[in-house]
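S.K.: Got a structure for you, my_file_24.pdb, holding PDB, C-alpha atoms.
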```
ATOM      1  CA  MET A   1      19.617  32.237 -17.528  1.00  0.00           C
ATOM      2  CA  LYS A   2      18.440  32.511 -21.105  1.00  0.00           C
ATOM      3  CA  GLN A   3      15.716  30.356 -22.642  1.00  0.00           C
ATOM      4  CA  GLU A   4      18.121  28.131 -24.590  1.00  0.00           C
ATOM      5  CA  GLN A   5      20.292  27.470 -21.545  1.00  0.00           C
ATOM      6  CA  PHE A   6      17.172  26.781 -19.474  1.00  0.00           C
ATOM      7  CA  LYS A   7      16.042  24.203 -22.049  1.00  0.00           C
ATOM      8  CA  LYS A   8      19.445  22.496 -22.031  1.00  0.00           C
ATOM      9  CA  VAL A   9      19.825  22.391 -18.256  1.00  0.00           C
ATOM     10  CA  VAL A  10      16.300  22.012 -16.858  1.00  0.00           C
ATOM     11  CA  LEU A  11      14.285  20.031 -19.402  1.00  0.00           C
ATOM     12  CA  PRO A  12      16.548  16.945 -19.237  1.00  0.00           C
ATOM     13  CA  LEU A  13      15.547  16.628 -15.555  1.00  0.00           C
ATOM     14  CA  ARG A  14      11.924  15.928 -16.549  1.00  0.00           C
ATOM     15  CA  ASP A  15      12.040  12.104 -16.583  1.00  0.00           C
ATOM     16  CA  LYS A  16      13.809  11.913 -13.232  1.00  0.00           C
ATOM     17  CA  LEU A  17      11.355  14.381 -11.659  1.00  0.00           C
ATOM     18  CA  ILE A  18       8.298  12.630 -13.149  1.00  0.00           C
ATOM     19  CA  SER A  19       9.520   9.330 -11.732  1.00  0.00           C
ATOM     20  CA  TYR A  20      10.107  10.883  -8.306  1.00  0.00           C
ATOM     21  CA  ALA A  21       6.701  12.615  -8.278  1.00  0.00           C
ATOM     22  CA  GLN A  22       4.961   9.432  -9.368  1.00  0.00           C
ATOM     23  CA  ARG A  23       6.561   7.499  -6.505  1.00  0.00           C
ATOM     24  CA  LEU A  24       5.287  10.100  -4.058  1.00  0.00           C
ATOM     25  CA  LEU A  25       1.824  10.585  -5.547  1.00  0.00           C
ATOM     26  CA  GLY A  26       1.102   7.247  -7.203  1.00  0.00           C
ATOM     27  CA  ASN A  27      -0.672   9.032 -10.036  1.00  0.00           C
ATOM     28  CA  MET A  28       0.787   9.895 -13.440  1.00  0.00           C
ATOM     29  CA  GLU A  29      -1.598  12.779 -14.184  1.00  0.00           C
ATOM     30  CA  ASP A  30      -0.879  14.492 -10.870  1.00  0.00           C
ATOM     31  CA  SER A  31       2.837  13.866 -11.380  1.00  0.00           C
ATOM     32  CA  GLU A  32       2.797  15.586 -14.756  1.00  0.00           C
ATOM     33  CA  ASP A  33       0.876  18.524 -13.274  1.00  0.00           C
ATOM     34  CA  ILE A  34       3.449  18.826 -10.504  1.00  0.00           C
ATOM     35  CA  ILE A  35       6.354  18.781 -12.956  1.00  0.00           C
ATOM     36  CA  GLN A  36       4.711  21.539 -14.983  1.00  0.00           C
ATOM     37  CA  GLU A  37       4.476  23.570 -11.786  1.00  0.00           C
ATOM     38  CA  VAL A  38       8.130  22.799 -10.993  1.00  0.00           C
ATOM     39  CA  PHE A  39       9.240  23.988 -14.424  1.00  0.00           C
ATOM     40  CA  LEU A  40       7.100  27.103 -14.120  1.00  0.00           C
ATOM     41  CA  LYS A  41       8.598  27.856 -10.723  1.00  0.00           C
ATOM     42  CA  LEU A  42      12.118  27.287 -12.066  1.00  0.00           C
ATOM     43  CA  TRP A  43      11.362  29.502 -15.053  1.00  0.00           C
ATOM     44  CA  TYR A  44      10.306  32.349 -12.758  1.00  0.00           C
ATOM     45  CA  MET A  45      13.490  31.760 -10.737  1.00  0.00           C
ATOM     46  CA  ARG A  46      15.731  31.522 -13.818  1.00  0.00           C
ATOM     47  CA  GLU A  47      17.674  34.682 -12.978  1.00  0.00           C
ATOM     48  CA  GLU A  48      18.684  33.284  -9.557  1.00  0.00           C
ATOM     49  CA  LEU A  49      19.362  29.674 -10.598  1.00  0.00           C
ATOM     50  CA  ASP A  50      23.096  30.330 -10.905  1.00  0.00           C
ATOM     51  CA  GLN A  51      23.204  30.901  -7.125  1.00  0.00           C
ATOM     52  CA  TYR A  52      22.328  27.269  -6.406  1.00  0.00           C
ATOM     53  CA  GLN A  53      25.060  24.633  -6.230  1.00  0.00           C
ATOM     54  CA  SER A  54      22.909  21.869  -7.674  1.00  0.00           C
ATOM     55  CA  LEU A  55      19.992  22.541  -9.989  1.00  0.00           C
ATOM     56  CA  PRO A  56      18.905  18.863  -9.916  1.00  0.00           C
ATOM     57  CA  ALA A  57      18.808  18.959  -6.092  1.00  0.00           C
ATOM     58  CA  LEU A  58      16.788  22.170  -6.154  1.00  0.00           C
ATOM     59  CA  SER A  59      14.389  20.640  -8.697  1.00  0.00           C
ATOM     60  CA  VAL A  60      13.910  17.529  -6.575  1.00  0.00           C
ATOM     61  CA  GLU A  61      13.292  19.662  -3.477  1.00  0.00           C
ATOM     62  CA  ILE A  62      10.675  21.786  -5.260  1.00  0.00           C
ATOM     63  CA  THR A  63       9.055  18.620  -6.632  1.00  0.00           C
ATOM     64  CA  LYS A  64       8.968  17.055  -3.167  1.00  0.00           C
ATOM     65  CA  ASN A  65       7.362  20.161  -1.621  1.00  0.00           C
ATOM     66  CA  LEU A  66       4.729  20.459  -4.334  1.00  0.00           C
ATOM     67  CA  CYS A  67       3.927  16.734  -4.055  1.00  0.00           C
ATOM     68  CA  LEU A  68       3.571  17.013  -0.284  1.00  0.00           C
ATOM     69  CA  ASN A  69       1.215  19.962  -0.747  1.00  0.00           C
ATOM     70  CA  ARG A  70      -0.836  17.936  -3.225  1.00  0.00           C
ATOM     71  CA  LEU A  71      -0.989  15.039  -0.755  1.00  0.00           C
ATOM     72  CA  LYS A  72      -2.177  17.416   1.991  1.00  0.00           C
ATOM     73  CA  VAL A  73      -4.983  18.602  -0.257  1.00  0.00           C
ATOM     74  CA  ARG A  74      -5.919  15.003  -1.078  1.00  0.00           C
ATOM     75  CA  GLN A  75      -5.922  14.103   2.603  1.00  0.00           C
ATOM     76  CA  ARG A  76      -8.201  17.031   3.431  1.00  0.00           C
ATOM     77  CA  GLU A  77     -10.562  15.907   0.689  1.00  0.00           C
ATOM     78  CA  PHE A  78     -10.415  12.272   1.797  1.00  0.00           C
ATOM     79  CA  VAL A  79     -10.993  12.919   5.493  1.00  0.00           C
ATOM     80  CA  SER A  80     -13.477  15.713   5.194  1.00  0.00           C
ATOM     81  CA  PRO A  81     -16.317  16.015   7.709  1.00  0.00           C
ATOM     82  CA  ASP A  82     -18.680  15.078   4.868  1.00  0.00           C
ATOM     83  CA  SER A  83     -17.041  11.653   4.581  1.00  0.00           C
ATOM     84  CA  LEU A  84     -17.830  10.949   8.247  1.00  0.00           C
ATOM     85  CA  VAL A  85     -21.561  11.555   7.848  1.00  0.00           C
ATOM     86  CA  LEU A  86     -23.856   8.571   8.207  1.00  0.00           C
ATOM     87  CA  GLU A  87     -25.940   7.551   5.203  1.00  0.00           C
ATOM     88  CA  SER A  88     -29.131   8.716   6.875  1.00  0.00           C
ATOM     89  CA  ASP A  89     -27.569  12.169   7.276  1.00  0.00           C
ATOM     90  CA  PHE A  90     -26.967  12.714   3.553  1.00  0.00           C
ATOM     91  CA  PRO A  91     -28.686  15.846   2.306  1.00  0.00           C
ATOM     92  CA  SER A  92     -31.621  15.503   0.006  1.00  0.00           C
ATOM     93  CA  PRO A  93     -31.063  15.819  -3.745  1.00  0.00           C
ATOM     94  CA  TYR A  94     -32.637  19.281  -3.518  1.00  0.00           C
ATOM     95  CA  LEU A  95     -30.077  20.421  -0.910  1.00  0.00           C
ATOM     96  CA  GLN A  96     -27.245  18.892  -2.915  1.00  0.00           C
ATOM     97  CA  LEU A  97     -28.361  20.789  -6.010  1.00  0.00           C
ATOM     98  CA  GLU A  98     -28.664  23.990  -4.009  1.00  0.00           C
ATOM     99  CA  GLU A  99     -25.144  23.531  -2.638  1.00  0.00           C
ATOM    100  CA  LYS A 100     -23.809  22.865  -6.131  1.00  0.00           C
ATOM    101  CA  ASP A 101     -25.458  26.071  -7.361  1.00  0.00           C
ATOM    102  CA  LYS A 102     -23.797  28.044  -4.567  1.00  0.00           C
ATOM    103  CA  VAL A 103     -20.392  26.641  -5.476  1.00  0.00           C
ATOM    104  CA  GLU A 104     -20.954  27.521  -9.131  1.00  0.00           C
ATOM    105  CA  LYS A 105     -21.901  31.081  -8.158  1.00  0.00           C
ATOM    106  CA  VAL A 106     -18.748  31.450  -6.102  1.00  0.00           C
ATOM    107  CA  MET A 107     -16.615  30.107  -8.969  1.00  0.00           C
ATOM    108  CA  ARG A 108     -18.239  32.578 -11.397  1.00  0.00           C
ATOM    109  CA  ILE A 109     -17.517  35.410  -8.957  1.00  0.00           C
ATOM    110  CA  ILE A 110     -13.897  34.294  -8.638  1.00  0.00           C
ATOM    111  CA  ASP A 111     -13.591  34.255 -12.440  1.00  0.00           C
ATOM    112  CA  HIS A 112     -14.387  37.981 -12.465  1.00  0.00           C
ATOM    113  CA  LEU A 113     -11.843  39.003  -9.819  1.00  0.00           C
ATOM    114  CA  PRO A 114      -8.596  40.707 -10.857  1.00  0.00           C
ATOM    115  CA  ASN A 115      -6.029  38.153 -12.063  1.00  0.00           C
ATOM    116  CA  LEU A 116      -3.761  38.337  -9.014  1.00  0.00           C
ATOM    117  CA  GLN A 117      -6.683  37.921  -6.607  1.00  0.00           C
ATOM    118  CA  GLN A 118      -7.992  34.974  -8.645  1.00  0.00           C
ATOM    119  CA  THR A 119      -4.602  33.292  -8.643  1.00  0.00           C
ATOM    120  CA  VAL A 120      -3.924  33.852  -4.957  1.00  0.00           C
ATOM    121  CA  LEU A 121      -7.395  32.714  -3.904  1.00  0.00           C
ATOM    122  CA  ARG A 122      -7.196  29.532  -5.977  1.00  0.00           C
ATOM    123  CA  MET A 123      -3.665  28.729  -4.806  1.00  0.00           C
ATOM    124  CA  LYS A 124      -4.721  29.120  -1.173  1.00  0.00           C
ATOM    125  CA  HIS A 125      -8.144  27.460  -1.160  1.00  0.00           C
ATOM    126  CA  VAL A 126      -8.054  25.055  -4.098  1.00  0.00           C
ATOM    127  CA  ASP A 127      -4.408  24.009  -4.340  1.00  0.00           C
ATOM    128  CA  GLY A 128      -3.769  24.224  -0.574  1.00  0.00           C
ATOM    129  CA  PHE A 129      -0.646  26.389  -0.693  1.00  0.00           C
ATOM    130  CA  GLU A 130       0.400  28.356   2.378  1.00  0.00           C
ATOM    131  CA  VAL A 131       0.783  32.152   2.232  1.00  0.00           C
ATOM    132  CA  ASP A 132       4.591  31.952   2.293  1.00  0.00           C
ATOM    133  CA  GLU A 133       4.603  29.466  -0.578  1.00  0.00           C
ATOM    134  CA  ILE A 134       2.267  31.652  -2.630  1.00  0.00           C
ATOM    135  CA  ALA A 135       4.504  34.640  -1.934  1.00  0.00           C
ATOM    136  CA  GLU A 136       7.546  32.717  -3.105  1.00  0.00           C
ATOM    137  CA  ILE A 137       5.853  31.455  -6.264  1.00  0.00           C
ATOM    138  CA  THR A 138       4.363  34.814  -7.231  1.00  0.00           C
ATOM    139  CA  GLY A 139       7.365  36.879  -6.166  1.00  0.00           C
ATOM    140  CA  SER A 140       5.232  38.958  -3.783  1.00  0.00           C
ATOM    141  CA  SER A 141       5.602  39.548  -0.081  1.00  0.00           C
ATOM    142  CA  PRO A 142       3.513  37.478   2.380  1.00  0.00           C
ATOM    143  CA  GLU A 143       1.832  40.709   3.497  1.00  0.00           C
ATOM    144  CA  ALA A 144       0.793  41.490  -0.078  1.00  0.00           C
ATOM    145  CA  ILE A 145      -0.571  37.950  -0.455  1.00  0.00           C
ATOM    146  CA  ARG A 146      -2.571  38.270   2.781  1.00  0.00           C
ATOM    147  CA  MET A 147      -3.918  41.630   1.635  1.00  0.00           C
ATOM    148  CA  ASN A 148      -4.947  40.228  -1.771  1.00  0.00           C
ATOM    149  CA  LEU A 149      -6.537  37.187  -0.122  1.00  0.00           C
ATOM    150  CA  SER A 150      -8.485  39.435   2.228  1.00  0.00           C
ATOM    151  CA  ARG A 151      -9.667  41.676  -0.584  1.00  0.00           C
ATOM    152  CA  ALA A 152     -10.608  38.705  -2.752  1.00  0.00           C
ATOM    153  CA  ARG A 153     -12.556  37.005   0.052  1.00  0.00           C
ATOM    154  CA  LYS A 154     -14.343  40.246   0.910  1.00  0.00           C
ATOM    155  CA  GLN A 155     -15.265  40.780  -2.739  1.00  0.00           C
ATOM    156  CA  VAL A 156     -16.485  37.191  -3.182  1.00  0.00           C
ATOM    157  CA  LYS A 157     -18.524  37.392   0.016  1.00  0.00           C
ATOM    158  CA  SER A 158     -20.068  40.726  -0.931  1.00  0.00           C
ATOM    159  CA  LEU A 159     -20.972  39.663  -4.474  1.00  0.00           C
ATOM    160  CA  PHE A 160     -22.245  36.272  -3.337  1.00  0.00           C
ATOM    161  CA  PHE A 161     -24.658  37.760  -0.787  1.00  0.00           C
ATOM    162  CA  LYS A 162     -25.727  40.361  -3.329  1.00  0.00           C
ATOM    163  CA  MET A 163     -26.532  37.568  -5.802  1.00  0.00           C
ATOM    164  CA  GLU A 164     -28.375  35.588  -3.093  1.00  0.00           C
ATOM    165  CA  ARG A 165     -30.635  38.576  -2.289  1.00  0.00           C
ATOM    166  CA  GLU A 166     -31.603  39.014  -5.941  1.00  0.00           C
TER
END
```
Kindly transcribe the structure held in the file into structure tokens.

M.R.:
Amino acid sequence: MKQEQFKKVVLPLRDKLISYAQRLLGNMEDSEDIIQEVFLKLWYMREELDQYQSLPALSVEITKNLCLNRLKVRQREFVSPDSLVLESDFPSPYLQLEEKDKVEKVMRIIDHLPNLQQTVLRMKHVDGFEVDEIAEITGSSPEAIRMNLSRARKQVKSLFFKMERE
């Protein structure tokens, strides 16, 4: 599918998909982010789109799956072990600052990883995607995704402990 045909066929679905995502997520900003991801996924699939009987149905299905993934991530954040801690168990401001510094170090390390490792690591641990979903989105095999995740984690761990010793 060429760019012009993609624009004519896919872009008119935007309002319907935004509405659907907003019903599922209850948040306009998240809905718009999801629709951008849907369009990106469809763009990468553009050569195979002719194989599907209904492009609107495929778009709705992708939107639903991405919304459900987003809700899973939200749920993990909402019901994290930290949220179950009693007030008296909150770490001191010093410990909170130290933890924040560690997170910032890890994010800086991730920023210096090769692009594919960065993307895969963020999709898995920040966005909450499963290995099979990442493989589908990136066009790689699940084994390649697992290998890149392993290498990225090993690199982050190694560099983080090296920075901690310094």

S.K.: Point out the residue among A:Ile18, A:Ile145, A:Leu66, A:Ala57 with the least atom-to-atom distance to Glu32 in chain A, counting only C-alpha atoms.

M.R.: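 Among the listed residues, A:Ile18 lies closest to Glu32 in chain A.
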
S.K.: What do you get, as a PDB file with C-alpha atoms, keeping the file's coordinate frame, if you spell out every residue that the PyMOL selection byres ((chain A and resi 110-127) around 6) selects here?

M.R.:
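expr_0.pdb, freshly written:
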```pdb
ATOM      1  CA  MET A 107     -16.615  30.107  -8.969  1.00  0.00           C
ATOM      2  CA  ARG A 108     -18.239  32.578 -11.397  1.00  0.00           C
ATOM      3  CA  ILE A 109     -17.517  35.410  -8.957  1.00  0.00           C
ATOM      4  CA  GLY A 128      -3.769  24.224  -0.574  1.00  0.00           C
ATOM      5  CA  PHE A 129      -0.646  26.389  -0.693  1.00  0.00           C
ATOM      6  CA  ASN A 148      -4.947  40.228  -1.771  1.00  0.00           C
ATOM      7  CA  LEU A 149      -6.537  37.187  -0.122  1.00  0.00           C
ATOM      8  CA  ALA A 152     -10.608  38.705  -2.752  1.00  0.00           C
TER       9      ALA A 152
END
```

S.K.: May I ask which of the residues A:Val9, A:Ile134, A:Met1, A:Leu25 is the closest one to Val73 in chain A, counting all atoms listed in the file?

M.R.: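 Between A:Val9, A:Ile134, A:Met1, A:Leu25, the residue approaching Val73 in chain A most closely is A:Leu25.
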
S.K.: Quick one, how far is CA of Ile137 in chain A from CA of Met45 in chain A?

M.R.: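 Value for the CA of Ile137 in chain A-CA of Met45 in chain A distance: 8.9 Å.
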
S.K.: Between A:Glu164, A:Ala21, A:Glu48, A:Arg74, which is the closest to Glu61 in chain A once you count only C-alpha atoms?

M.R.: A:Ala21

S.K.: For Ala135 in chain A, list every protein, DNA or RNA residue within 10 Å, evaluated using all atoms listed in the file, and leave out those in the same chain fewer than 5 positions away; present the list as a list in words.

M.R.: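 Residues near the query, excluding close chain neighbours: Val120, Phe129, Glu130, Ser140, Ser141, Pro142, Glu143, Ala144, Ile145 and Arg146 of chain A.
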
S.K.: Decode the PyMOL selection byres ((chain A and resi 49) around 12) for the given file into explicit residues and return them as a list in words.

M.R.: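 With the PyMOL selection byres ((chain A and resi 49) around 12) on this model, the match is Met1, Lys2, Gln5, Phe6, Val9, Val10, Lys41, Leu42, Trp43, Tyr44, Met45, Arg46, Glu47, Glu48, Asp50, Gln51, Tyr52, Gln53, Ser54, Leu55, Pro56, Ala57, Leu58 and Ser59 of chain A.
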
S.K.: Go through A:Lys8, A:Glu133, A:Asn27, A:Leu17 one by one, measure the shortest atom-to-atom distance of each to Asn69 in chain A using only C-alpha atoms, and give the residue with the smallest value.

M.R.: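 Under the stated criterion, the closest residue is A:Glu133.
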
S.K.: Which residue gives the smallest distance to Glu104 in chain A among A:Phe160, A:Glu37, A:Asp30, A:Asn65, with all atoms listed in the file counted?

M.R.: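 Selected residue with least distance to Glu104 in chain A: A:Phe160.
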
S.K.: Since fewer atoms than expected are present, regenerate N, CA, C and O atoms for range 56-72 of chain A and write them as a PDB file, in the coordinates of the input.

M.R.:
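Heads up, here's the output in selection08.pdb:
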```
ATOM      1  N   PRO A  56      19.716  20.069 -10.112  1.00  0.00           N
ATOM      2  CA  PRO A  56      18.905  18.863  -9.916  1.00  0.00           C
ATOM      3  C   PRO A  56      18.403  18.721  -8.472  1.00  0.00           C
ATOM      4  O   PRO A  56      17.250  18.348  -8.256  1.00  0.00           O
ATOM      5  N   ALA A  57      19.238  19.048  -7.494  1.00  0.00           N
ATOM      6  CA  ALA A  57      18.808  18.959  -6.092  1.00  0.00           C
ATOM      7  C   ALA A  57      17.692  19.959  -5.805  1.00  0.00           C
ATOM      8  O   ALA A  57      16.711  19.633  -5.123  1.00  0.00           O
ATOM      9  N   LEU A  58      17.825  21.160  -6.324  1.00  0.00           N
ATOM     10  CA  LEU A  58      16.788  22.170  -6.154  1.00  0.00           C
ATOM     11  C   LEU A  58      15.484  21.698  -6.799  1.00  0.00           C
ATOM     12  O   LEU A  58      14.403  21.820  -6.206  1.00  0.00           O
ATOM     13  N   SER A  59      15.580  21.129  -7.987  1.00  0.00           N
ATOM     14  CA  SER A  59      14.389  20.640  -8.697  1.00  0.00           C
ATOM     15  C   SER A  59      13.692  19.531  -7.924  1.00  0.00           C
ATOM     16  O   SER A  59      12.465  19.499  -7.830  1.00  0.00           O
ATOM     17  N   VAL A  60      14.475  18.628  -7.366  1.00  0.00           N
ATOM     18  CA  VAL A  60      13.910  17.529  -6.575  1.00  0.00           C
ATOM     19  C   VAL A  60      13.236  18.087  -5.321  1.00  0.00           C
ATOM     20  O   VAL A  60      12.151  17.641  -4.936  1.00  0.00           O
ATOM     21  N   GLU A  61      13.857  19.061  -4.687  1.00  0.00           N
ATOM     22  CA  GLU A  61      13.292  19.662  -3.477  1.00  0.00           C
ATOM     23  C   GLU A  61      11.961  20.363  -3.773  1.00  0.00           C
ATOM     24  O   GLU A  61      10.989  20.203  -3.029  1.00  0.00           O
ATOM     25  N   ILE A  62      11.923  21.120  -4.863  1.00  0.00           N
ATOM     26  CA  ILE A  62      10.675  21.786  -5.260  1.00  0.00           C
ATOM     27  C   ILE A  62       9.609  20.741  -5.578  1.00  0.00           C
ATOM     28  O   ILE A  62       8.455  20.869  -5.163  1.00  0.00           O
ATOM     29  N   THR A  63       9.997  19.693  -6.293  1.00  0.00           N
ATOM     30  CA  THR A  63       9.055  18.620  -6.632  1.00  0.00           C
ATOM     31  C   THR A  63       8.506  17.978  -5.363  1.00  0.00           C
ATOM     32  O   THR A  63       7.296  17.764  -5.234  1.00  0.00           O
ATOM     33  N   LYS A  64       9.391  17.673  -4.431  1.00  0.00           N
ATOM     34  CA  LYS A  64       8.968  17.055  -3.167  1.00  0.00           C
ATOM     35  C   LYS A  64       7.957  17.944  -2.441  1.00  0.00           C
ATOM     36  O   LYS A  64       6.897  17.478  -2.008  1.00  0.00           O
ATOM     37  N   ASN A  65       8.254  19.248  -2.333  1.00  0.00           N
ATOM     38  CA  ASN A  65       7.362  20.161  -1.621  1.00  0.00           C
ATOM     39  C   ASN A  65       6.002  20.284  -2.297  1.00  0.00           C
ATOM     40  O   ASN A  65       4.960  20.276  -1.632  1.00  0.00           O
ATOM     41  N   LEU A  66       6.002  20.367  -3.618  1.00  0.00           N
ATOM     42  CA  LEU A  66       4.729  20.459  -4.334  1.00  0.00           C
ATOM     43  C   LEU A  66       3.930  19.163  -4.203  1.00  0.00           C
ATOM     44  O   LEU A  66       2.708  19.193  -4.072  1.00  0.00           O
ATOM     45  N   CYS A  67       4.612  18.029  -4.238  1.00  0.00           N
ATOM     46  CA  CYS A  67       3.927  16.734  -4.055  1.00  0.00           C
ATOM     47  C   CYS A  67       3.328  16.631  -2.649  1.00  0.00           C
ATOM     48  O   CYS A  67       2.197  16.171  -2.487  1.00  0.00           O
ATOM     49  N   LEU A  68       4.082  17.053  -1.658  1.00  0.00           N
ATOM     50  CA  LEU A  68       3.571  17.013  -0.284  1.00  0.00           C
ATOM     51  C   LEU A  68       2.354  17.916  -0.135  1.00  0.00           C
ATOM     52  O   LEU A  68       1.373  17.546   0.532  1.00  0.00           O
ATOM     53  N   ASN A  69       2.388  19.083  -0.771  1.00  0.00           N
ATOM     54  CA  ASN A  69       1.215  19.962  -0.747  1.00  0.00           C
ATOM     55  C   ASN A  69       0.014  19.291  -1.403  1.00  0.00           C
ATOM     56  O   ASN A  69      -1.107  19.371  -0.902  1.00  0.00           O
ATOM     57  N   ARG A  70       0.247  18.628  -2.527  1.00  0.00           N
ATOM     58  CA  ARG A  70      -0.836  17.936  -3.225  1.00  0.00           C
ATOM     59  C   ARG A  70      -1.407  16.824  -2.344  1.00  0.00           C
ATOM     60  O   ARG A  70      -2.615  16.624  -2.283  1.00  0.00           O
ATOM     61  N   LEU A  71      -0.534  16.101  -1.647  1.00  0.00           N
ATOM     62  CA  LEU A  71      -0.989  15.039  -0.755  1.00  0.00           C
ATOM     63  C   LEU A  71      -1.802  15.602   0.416  1.00  0.00           C
ATOM     64  O   LEU A  71      -2.783  14.991   0.842  1.00  0.00           O
ATOM     65  N   LYS A  72      -1.408  16.773   0.917  1.00  0.00           N
ATOM     66  CA  LYS A  72      -2.177  17.416   1.991  1.00  0.00           C
ATOM     67  C   LYS A  72      -3.585  17.737   1.514  1.00  0.00           C
ATOM     68  O   LYS A  72      -4.558  17.518   2.233  1.00  0.00           O
TER      69      LYS A  72
END
```
